[in-house]
Structures are given as structure tokens and as C-alpha cells.
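The data block below is start_36.cif; it holds mmCIF, C-alpha atoms and all ligand atoms.
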data_coords
loop_
_atom_site.label_atom_id
_atom_site.label_comp_id
_atom_site.auth_asym_id
_atom_site.auth_seq_id
_atom_site.Cartn_x
_atom_site.Cartn_y
_atom_site.Cartn_z
CA MET E 1 -45.47 31.17 33.94
CA LYS E 2 -47.78 28.34 32.96
CA SER E 3 -49.45 27.84 29.60
CA GLY E 4 -51.24 25.17 27.67
CA PHE E 5 -54.06 23.94 25.49
CA VAL E 6 -57.17 22.70 27.26
CA ASN E 7 -59.64 21.24 24.81
CA ILE E 8 -63.29 20.40 25.44
CA PHE E 9 -64.87 17.27 23.95
CA GLY E 10 -68.22 15.55 24.27
CA LYS E 11 -71.48 14.56 22.66
CA PRO E 12 -73.63 17.19 20.95
CA ASN E 13 -75.58 19.31 23.43
CA ALA E 14 -73.44 18.32 26.45
CA GLY E 15 -72.83 22.03 27.15
CA LYS E 16 -69.31 22.45 25.70
CA SER E 17 -69.91 25.93 24.33
CA THR E 18 -71.68 27.02 27.51
CA LEU E 19 -68.61 25.79 29.42
CA LEU E 20 -66.19 27.69 27.18
CA ASN E 21 -68.19 30.88 27.74
CA ALA E 22 -68.31 30.29 31.49
CA LEU E 23 -64.54 29.73 31.69
CA MET E 24 -63.88 32.82 29.56
CA LYS E 25 -66.52 34.94 31.35
CA GLU E 26 -67.47 36.12 27.88
CA LYS E 27 -69.79 34.78 25.24
CA LEU E 28 -67.53 33.55 22.46
CA ALA E 29 -69.35 30.43 21.29
CA ILE E 30 -72.98 30.26 20.30
CA VAL E 31 -75.30 28.03 22.29
CA SER E 32 -78.67 26.47 21.52
CA PRO E 33 -80.97 23.77 22.83
CA LYS E 34 -80.47 21.89 19.54
CA VAL E 35 -77.70 19.39 18.82
CA GLN E 36 -74.83 20.18 16.44
CA THR E 37 -74.78 23.88 17.07
CA THR E 38 -71.00 24.26 17.00
CA ARG E 39 -69.32 23.48 13.68
CA HIS E 40 -65.78 24.79 14.24
CA ARG E 41 -63.02 24.59 16.72
CA ILE E 42 -63.29 27.82 18.68
CA LYS E 43 -60.36 28.96 20.76
CA GLY E 44 -60.80 31.13 23.81
CA ILE E 45 -57.57 32.54 25.24
CA LEU E 46 -57.52 33.31 28.95
CA SER E 47 -54.45 35.28 30.00
CA THR E 48 -53.25 36.54 33.37
CA ALA E 49 -49.79 37.42 34.70
CA ALA E 50 -49.45 33.84 35.97
CA TYR E 51 -50.85 31.74 33.15
CA GLN E 52 -52.29 31.54 29.65
CA ILE E 53 -54.88 28.88 28.93
CA ILE E 54 -55.97 28.31 25.37
CA PHE E 55 -59.34 26.63 25.62
CA SER E 56 -60.92 25.02 22.57
CA ASP E 57 -64.60 24.37 22.14
CA THR E 58 -65.28 21.68 19.54
CA PRO E 59 -68.26 20.28 17.64
CA GLY E 60 -70.13 17.46 19.36
CA ILE E 61 -68.82 14.04 18.40
CA ILE E 62 -71.06 12.29 15.86
CA ASP E 63 -70.96 9.78 13.04
CA PRO E 64 -70.55 11.92 9.90
CA LYS E 65 -73.53 11.76 7.51
CA TYR E 66 -72.45 14.40 5.02
CA LYS E 67 -69.31 16.36 4.11
CA LEU E 68 -70.01 19.23 6.50
CA HIS E 69 -70.11 16.65 9.30
CA GLU E 70 -66.73 15.33 8.16
CA LYS E 71 -65.29 18.85 8.39
CA MET E 72 -66.76 19.15 11.88
CA MET E 73 -65.07 15.92 12.95
CA GLN E 74 -61.78 17.17 11.48
CA ALA E 75 -62.09 20.12 13.87
CA VAL E 76 -62.42 17.62 16.72
CA LYS E 77 -59.39 15.73 15.47
CA SER E 78 -57.24 18.86 15.30
CA ALA E 79 -58.15 19.60 18.92
CA LEU E 80 -57.21 16.04 19.91
CA GLU E 81 -53.76 16.54 18.45
CA ASP E 82 -52.57 19.55 20.44
CA ALA E 83 -54.32 19.15 23.79
CA ASP E 84 -52.29 19.32 26.99
CA LEU E 85 -55.43 18.43 28.89
CA ALA E 86 -58.79 17.16 27.64
CA LEU E 87 -62.02 18.12 29.34
CA LEU E 88 -64.47 15.31 28.63
CA LEU E 89 -67.91 16.74 29.15
CA VAL E 90 -70.85 14.54 30.11
CA ASP E 91 -74.47 15.63 30.22
CA ILE E 92 -75.72 13.91 33.37
CA LYS E 93 -78.84 12.94 31.44
CA ASP E 94 -76.96 11.14 28.67
CA GLU E 95 -76.47 7.37 28.54
CA TRP E 96 -73.15 6.90 30.39
CA ASN E 97 -72.15 3.74 28.55
CA GLU E 98 -72.56 5.46 25.23
CA VAL E 99 -70.55 8.45 26.44
CA ASP E 100 -67.85 6.12 27.75
CA ALA E 101 -67.65 4.40 24.35
CA ILE E 102 -67.13 7.78 22.67
CA PHE E 103 -64.43 8.84 25.13
CA SER E 104 -62.63 5.51 24.78
CA SER E 105 -62.73 5.78 20.99
CA LEU E 106 -60.80 9.08 21.17
CA ARG E 107 -57.69 7.12 22.23
CA LEU E 108 -56.47 10.09 24.22
CA ARG E 109 -52.75 10.33 24.78
CA VAL E 110 -53.08 13.16 27.29
CA SER E 111 -54.67 13.34 30.71
CA SER E 112 -58.30 14.19 30.96
CA PHE E 113 -60.84 15.39 33.46
CA VAL E 114 -64.30 13.92 33.16
CA ILE E 115 -66.70 16.75 33.84
CA ILE E 116 -70.25 15.94 34.71
CA ASN E 117 -72.37 18.84 33.56
CA LYS E 118 -75.93 20.02 34.20
CA MET E 119 -75.66 19.11 37.89
CA ASP E 120 -78.50 21.58 38.45
CA LYS E 121 -80.78 19.07 36.71
CA ALA E 122 -79.98 15.93 38.71
CA PRO E 123 -80.35 14.72 42.31
CA LYS E 124 -77.19 14.19 44.40
CA GLU E 125 -77.45 10.39 44.27
CA LYS E 126 -77.43 10.38 40.50
CA LEU E 127 -74.35 12.61 40.44
CA ALA E 128 -72.59 10.27 42.85
CA ASP E 129 -73.48 7.27 40.66
CA ALA E 130 -72.14 9.02 37.57
CA ALA E 131 -68.93 9.93 39.39
CA ALA E 132 -68.46 6.33 40.54
CA PHE E 133 -69.05 5.11 36.98
CA PHE E 134 -66.49 7.45 35.40
CA LYS E 135 -63.87 7.26 38.18
CA GLU E 136 -63.16 3.68 37.14
CA LYS E 137 -62.32 4.63 33.58
CA LYS E 138 -58.69 4.65 32.52
CA TYR E 139 -58.90 8.06 30.86
CA ALA E 140 -60.34 9.84 33.93
CA GLN E 141 -57.65 11.63 35.88
CA GLU E 142 -60.33 13.48 37.84
CA VAL E 143 -64.11 13.52 37.94
CA ILE E 144 -65.69 16.90 38.60
CA TYR E 145 -69.30 18.12 38.71
CA ILE E 146 -70.33 21.47 37.36
CA SER E 147 -73.21 23.45 36.02
CA ALA E 148 -71.89 25.42 33.08
CA LEU E 149 -75.19 27.26 32.99
CA THR E 150 -75.35 28.48 36.60
CA GLY E 151 -71.56 28.68 37.02
CA ASN E 152 -71.56 26.22 39.88
CA GLY E 153 -68.15 24.52 40.15
CA ILE E 154 -66.48 26.61 37.44
CA LYS E 155 -64.06 28.39 39.79
CA GLU E 156 -62.92 25.09 41.31
CA LEU E 157 -62.54 23.58 37.85
CA LEU E 158 -60.38 26.50 36.73
CA GLU E 159 -58.15 26.06 39.79
CA LYS E 160 -57.72 22.36 39.02
CA ILE E 161 -56.86 23.16 35.41
CA ILE E 162 -54.26 25.75 36.43
CA GLY E 163 -52.72 23.24 38.83
CA PHE E 164 -52.36 20.85 35.95
CA LEU E 165 -50.91 23.22 33.32
CA PRO E 166 -47.29 22.74 32.24
CA GLU E 167 -44.71 25.48 32.73
CA GLY E 168 -44.32 27.50 29.57
CA GLU E 169 -44.42 30.84 27.81
CA PRO E 170 -47.65 32.29 26.41
CA PHE E 171 -48.54 31.34 22.82
CA TYR E 172 -50.64 34.43 22.09
CA ALA E 173 -50.50 38.14 22.87
CA GLU E 174 -52.07 38.94 26.22
CA ASP E 175 -54.93 40.97 24.74
CA GLU E 176 -56.05 38.31 22.25
CA ILE E 177 -59.16 36.41 23.27
CA SER E 178 -59.50 34.21 20.18
CA ASP E 179 -57.72 33.28 16.99
CA LEU E 180 -60.81 33.77 14.85
CA PRO E 181 -61.73 37.00 13.04
CA THR E 182 -64.59 39.28 14.13
CA LYS E 183 -66.48 38.35 10.96
CA PHE E 184 -66.64 34.76 12.15
CA PHE E 185 -68.27 35.71 15.44
CA VAL E 186 -70.76 37.94 13.67
CA ALA E 187 -71.81 35.13 11.32
CA GLU E 188 -72.12 32.78 14.28
CA ILE E 189 -74.46 35.17 16.10
CA VAL E 190 -76.76 35.20 13.05
CA ARG E 191 -76.58 31.41 12.92
CA GLU E 192 -77.51 31.18 16.60
CA LYS E 193 -80.68 33.18 15.96
CA ILE E 194 -81.61 30.73 13.19
CA TYR E 195 -81.12 27.83 15.65
CA THR E 196 -83.38 29.60 18.12
CA LEU E 197 -86.12 30.72 15.75
CA PHE E 198 -86.59 27.70 13.49
CA GLU E 199 -87.66 24.16 14.18
CA ASP E 200 -86.56 20.87 12.67
CA GLU E 201 -84.19 20.77 9.75
CA ILE E 202 -83.85 24.45 8.83
CA PRO E 203 -80.81 25.21 11.04
CA TYR E 204 -78.99 22.18 9.63
CA GLN E 205 -79.61 23.29 6.03
CA THR E 206 -78.21 26.72 6.73
CA THR E 207 -74.96 28.55 7.09
CA VAL E 208 -74.08 32.23 7.32
CA VAL E 209 -71.26 34.25 5.76
CA VAL E 210 -70.38 37.86 6.36
CA ASN E 211 -69.26 39.41 3.08
CA GLU E 212 -69.08 43.05 4.06
CA PHE E 213 -67.84 44.56 7.29
CA LYS E 214 -67.18 48.29 7.06
CA GLN E 215 -66.39 50.74 9.79
CA LYS E 216 -68.33 53.97 9.05
CA SER E 217 -68.13 57.16 11.11
CA THR E 218 -70.94 56.32 13.53
CA LEU E 219 -71.56 52.64 13.01
CA ILE E 220 -70.38 49.39 11.49
CA LYS E 221 -72.09 48.29 8.30
CA ILE E 222 -72.41 44.54 8.00
CA ARG E 223 -73.79 42.54 5.11
CA ALA E 224 -74.35 38.85 5.68
CA GLU E 225 -75.73 36.05 3.56
CA ILE E 226 -77.81 33.20 4.87
CA ILE E 227 -77.13 30.19 2.69
CA VAL E 228 -79.76 27.47 2.28
CA GLN E 229 -79.98 24.36 0.13
CA ARG E 230 -83.39 24.85 -1.52
CA GLU E 231 -85.87 27.54 -2.63
CA SER E 232 -88.47 26.23 -0.19
CA GLN E 233 -86.04 26.82 2.67
CA LYS E 234 -85.41 30.35 1.44
CA ALA E 235 -89.15 31.01 1.69
CA ILE E 236 -89.19 29.72 5.27
CA ILE E 237 -86.22 31.87 6.29
CA LEU E 238 -87.86 34.95 4.75
CA GLY E 239 -91.26 34.23 6.30
CA GLU E 240 -94.55 35.83 5.32
CA GLY E 241 -93.85 39.35 4.12
CA GLY E 242 -90.26 39.01 5.33
CA LYS E 243 -91.41 38.58 8.92
CA MET E 244 -88.90 35.90 9.91
CA ILE E 245 -85.79 37.44 8.40
CA LYS E 246 -86.70 40.68 10.13
CA GLN E 247 -86.77 38.82 13.44
CA ILE E 248 -83.42 37.19 12.76
CA GLY E 249 -81.99 40.58 11.86
CA THR E 250 -83.29 42.40 14.91
CA SER E 251 -82.14 39.89 17.49
CA ALA E 252 -78.80 39.29 15.75
CA ARG E 253 -78.11 43.02 15.48
CA GLN E 254 -78.75 43.58 19.18
CA GLU E 255 -76.31 40.87 20.12
CA ILE E 256 -73.67 41.94 17.59
CA GLU E 257 -73.85 45.47 19.00
CA LYS E 258 -73.19 44.11 22.47
CA PHE E 259 -70.31 41.99 21.19
CA LEU E 260 -68.66 44.83 19.24
CA GLU E 261 -69.69 47.58 21.66
CA GLN E 262 -70.73 49.70 18.71
CA LYS E 263 -73.83 50.54 16.72
CA VAL E 264 -74.40 48.21 13.81
CA PHE E 265 -76.35 48.35 10.58
CA LEU E 266 -77.04 44.75 9.59
CA GLU E 267 -78.28 43.71 6.16
CA LEU E 268 -79.29 40.09 5.60
CA PHE E 269 -79.78 38.27 2.30
CA VAL E 270 -80.80 34.69 1.58
CA LYS E 271 -79.05 32.65 -1.11
CA VAL E 272 -79.84 29.18 -2.42
CA ARG E 273 -76.78 26.99 -2.96
CA PRO E 274 -77.98 23.49 -3.82
CA ASN E 275 -76.28 20.86 -1.72
CA TRP E 276 -73.70 23.25 -0.23
CA ARG E 277 -73.15 20.82 2.68
CA GLU E 278 -71.66 18.28 0.27
CA ASN E 279 -69.72 20.67 -1.94
CA GLU E 280 -66.03 21.04 -1.19
CA LEU E 281 -65.80 24.49 -2.83
CA TYR E 282 -68.79 25.94 -1.03
CA LEU E 283 -67.66 24.47 2.27
CA LYS E 284 -64.32 26.14 1.82
CA GLU E 285 -65.89 29.44 0.84
CA TYR E 286 -68.10 29.32 3.94
CA GLY E 287 -65.18 28.70 6.28
CA TYR E 288 -65.37 24.95 6.84
N1 LIG E 301 -79.72 22.97 32.89
C1 LIG E 301 -78.54 23.15 32.29
N2 LIG E 301 -78.49 23.34 30.97
C2 LIG E 301 -77.27 23.52 30.41
C3 LIG E 301 -76.07 23.48 31.16
N3 LIG E 301 -75.03 23.66 30.31
C4 LIG E 301 -75.57 23.82 29.09
N4 LIG E 301 -76.92 23.73 29.13
C5 LIG E 301 -77.87 23.85 28.02
O1 LIG E 301 -77.66 22.77 27.14
C6 LIG E 301 -77.93 23.18 25.78
C7 LIG E 301 -76.74 22.89 24.91
O2 LIG E 301 -75.65 23.73 25.29
P1 LIG E 301 -74.42 24.00 24.32
O3 LIG E 301 -73.40 24.72 25.13
O4 LIG E 301 -74.87 24.61 23.05
O5 LIG E 301 -73.95 22.50 24.06
P2 LIG E 301 -72.75 21.97 23.13
O6 LIG E 301 -72.13 20.81 23.81
O7 LIG E 301 -71.85 23.10 22.79
O8 LIG E 301 -73.56 21.48 21.86
P3 LIG E 301 -73.01 21.28 20.32
O9 LIG E 301 -72.32 22.54 19.91
O10 LIG E 301 -74.24 21.04 19.55
O11 LIG E 301 -72.11 20.09 20.35
C8 LIG E 301 -78.29 24.66 25.86
O12 LIG E 301 -79.69 24.77 25.88
C9 LIG E 301 -77.66 25.09 27.17
O13 LIG E 301 -78.32 26.20 27.77
C10 LIG E 301 -76.17 23.27 32.58
O14 LIG E 301 -75.20 23.23 33.31
N5 LIG E 301 -77.43 23.10 33.08
MG MG E 302 -71.35 23.90 21.02
#
Written as C-alpha cells, how would this file's structure read?
Amino acid sequence: MKSGFVNIFGKPNAGKSTLLNALMKEKLAIVSPKVQTTRHRIKGILSTAAYQIIFSDTPGIIDPKYKLHEKMMQAVKSALEDADLALLLVDIKDEWNEVDAIFSSLRLRVSSFVIINKMDKAPKEKLADAAAFFKEKKYAQEVIYISALTGNGIKELLEKIIGFLPEGEPFYAEDEISDLPTKFFVAEIVREKIYTLFEDEIPYQTTVVVNEFKQKSTLIKIRAEIIVQRESQKAIILGEGGKMIKQIGTSARQEIEKFLEQKVFLELFVKVRPNWRENELYLKEYGY
């Protein structure tokens, strides 16, 4: 039996969450075209008779600007501490020197694979140049190309990871796919819809908490709160005549139903909590 922790790191938007989902063959982590979508460390547990891999998706590495950012970087740090193998994800379109500086600053004590992502978006020559650039780096045990979006290269990556795993017993029960509660995933799905539907700053001013989750005879009743920092943001989330919040609710409900494989009744409310991103108590209450 082999088992181990395989943790994914990289700049915001590199495709870390898309990669976690591709490796798990299940959508666990939310994804958006915007940076700083992921705010937590999200474990995905892949178990077979031969191995158990505990993958961790992490927030994109940034310079913290407010307390929520600091919490996000603590999630990165925790994943740095228990990794058996680090997957260092590079968006082929990013500035390689800048990415290299970030990877070097992690001071990794474990082996790492540099994974060049979004290969579907770059010509072969550029991929070869990127590989040559990263192969020279001390931290790069292997350099691999993938497209997390199309699935290209994922099977080969998984085989390489398994080859690298230490011998060991499983850490989690075989039927567990994550260490996070269902409520967390539900809140994340609502948050993803906010990232998709709103431009600019709104997603960054917002968080979501599920404060009721009740199994009824024919459906699950869920009540969630969308937290914003200001009244003006509340008005934007609601939209004219409640048009926007209705849209969030409809698309979130459809996805939650798929995730839970059950009918769902979803109620959404908007609450103003001035400066919640800087407030230790609120951050704690909202799961950060
Ligand atoms: N073309 C292409 N797009 C990709 C690929 N992988 C991810 N993306 C897109 O890149 C964007 C960011 O993906 P995420 O998985 O949310 O990136 P992330 O690294 O988790 O981002 P943060 O959570 O903000 O740090 C999304 O629009 C994805 O669809 C890929 O292989 N090819
Ligand atoms: Mg992410």
C-alpha cells in the first residue's frame, strides 16, 4: 500500500482547482476565470486498493493586503508543512521568472514536480522553452505538461505521482473524498456563482455561509447568507427587483442538487458586515 499528501501550489488562476477536480474526477473545488477564487485548503482523497493520495488544492500565492489574505496564505503554509510531494503549477502564459521567484521563496523541503498547465493554449515551441527553463531549477524533480481543462496529460501525471508515493497505510476511510463538511461545499458553490455573475470587486467583498441544512422528507432545505461589506454592495447582489439574487439562487441550486444528488430548496439572504475581511471574529465565524 502507498499513501501520501500531494499538495498543489501556484499563482492565482494557474488552474490549481481545475487540476484537483481533474485528478479526483469530481468537482470538489470551485473554479472561475477570476484570480483568488480559492480561499481554503481543500483536500481531495483518492483511494484505491493500491494507494491513497490526499491531494490539497490551495489558494493562489499572493502578497497579503488584508486579514482574509493572511488567512489564505496560512492555508498555503499548512499545505507546505505536510506535503510528501509538491505540484508546482505554472500557467504557460505567466511570466516564468516571476513564477520561479515564488517557487523559490517557498523553500520546499520535499520533492516537487513543475507542471506546466494550459498546454492547449500554447504552441509546442513555447512549451519546450518553458520546460527547458524550469528543468534547470533546483526544486524541479520533473517537468510535466498538462491541460487540466481538457484532461490532457492527467493520466500520465497520476502515474508519475503514484510512482513517487511513499509506502504507507491510508490516513482516511476509503469512502471519504474530503475532510470538509457538506455545508462548506454548498457555500462554495454559491460563492462560485457570485464570481461568475459579478464583475470587478464584488466577489472579493463577499463570502457565503450556510446556516441551515435540514434533511426533509423529499428534499434538503438550505439557508445561506451572502455577506458583503457595504449597503451598496448588498443592492448590487440583490439586483433590480431581486433579479441578480434570483440568478445566483437558480444556478447555485442546480449545481448543489447535482453535488448532493437530491432535490434542494435554497434560500439566500444578504447581510452587511462592515469590514468583515479585516475582522478576526467574523473571519472565524465564516470559516477562515
Ligand atoms: N485553456 C485552459 N484554461 C484552463 C486550464 N486549467 C484551468 N483553466 C482556466 O483557468 C481559470 C482559473 O482556473 P482555476 O482552477 O480556478 O485556477 P486556480 O489556480 O485554482 O485559481 P485561484 O483559486 O484563484 O488561485 C479558469 O477559467 C479555468 O477554466 C487549462 O488547462 N486550459
Ligand atoms: Mg482555485
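Residues within 9 Å of region 125-137 of chain E, counting only C-alpha atoms and excluding same-chain residues fewer than 4 positions away, are Ile92, Trp96, Asp100, Ser104, Val114, Ile116, Met119, Gln141, Glu142, Val143, Ile144 and Tyr145 of chain E.
Nearest-residue note for Tyr66 (chain E): choosing from E:Ser105, E:Gln205, E:Thr37, E:Ser217, the minimum distance belongs to E:Gln205, counting all atoms listed in the file.
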CA of Asn279 (chain E) and CA of Val190 (chain E), how far apart in Å? 22.0 Å
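Between CA of Gly249 (chain E) and CA of Leu268 (chain E) lies a distance of 6.8 Å.
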Adding 6 Å on each side of the box along x, y and z that holds all listed atoms of ligand LIG 301 (chain E), could you give its centre and edge lengths in Å to one decimal, as lines of an AutoDock Vina configuration file?
center_x = -75.8
center_y = 23.1
center_z = 26.4
size_x = 19.9
size_y = 18.1
size_z = 25.8
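Nearest to ligand LIG 301 (chain E) of all the residues E:Ser111, E:Asn152, E:Thr206, E:Thr218 is E:Asn152, based on all atoms listed in the file.
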Show me which residues line ligand MG 302 (chain E), defined as having an atom within 10 Å of a ligand atom where all atoms listed in the file count, and present them as a count of residues only. 31
Two-atom distance - CA of Pro64 (chain E), CA of Asn117 (chain E) (Å): 24.7 Å
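Counting all atoms listed in the file and comparing E:Ala86, E:Lys67, E:Lys2, E:Ser178, the residue that lies closest to Ala50 (chain E) is E:Lys2.
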Shortest interatomic distance to ligand LIG 301 (chain E) - which of E:Met1, E:Val76, E:Leu219, E:Ala148, counting only C-alpha atoms and all ligand atoms: E:Ala148
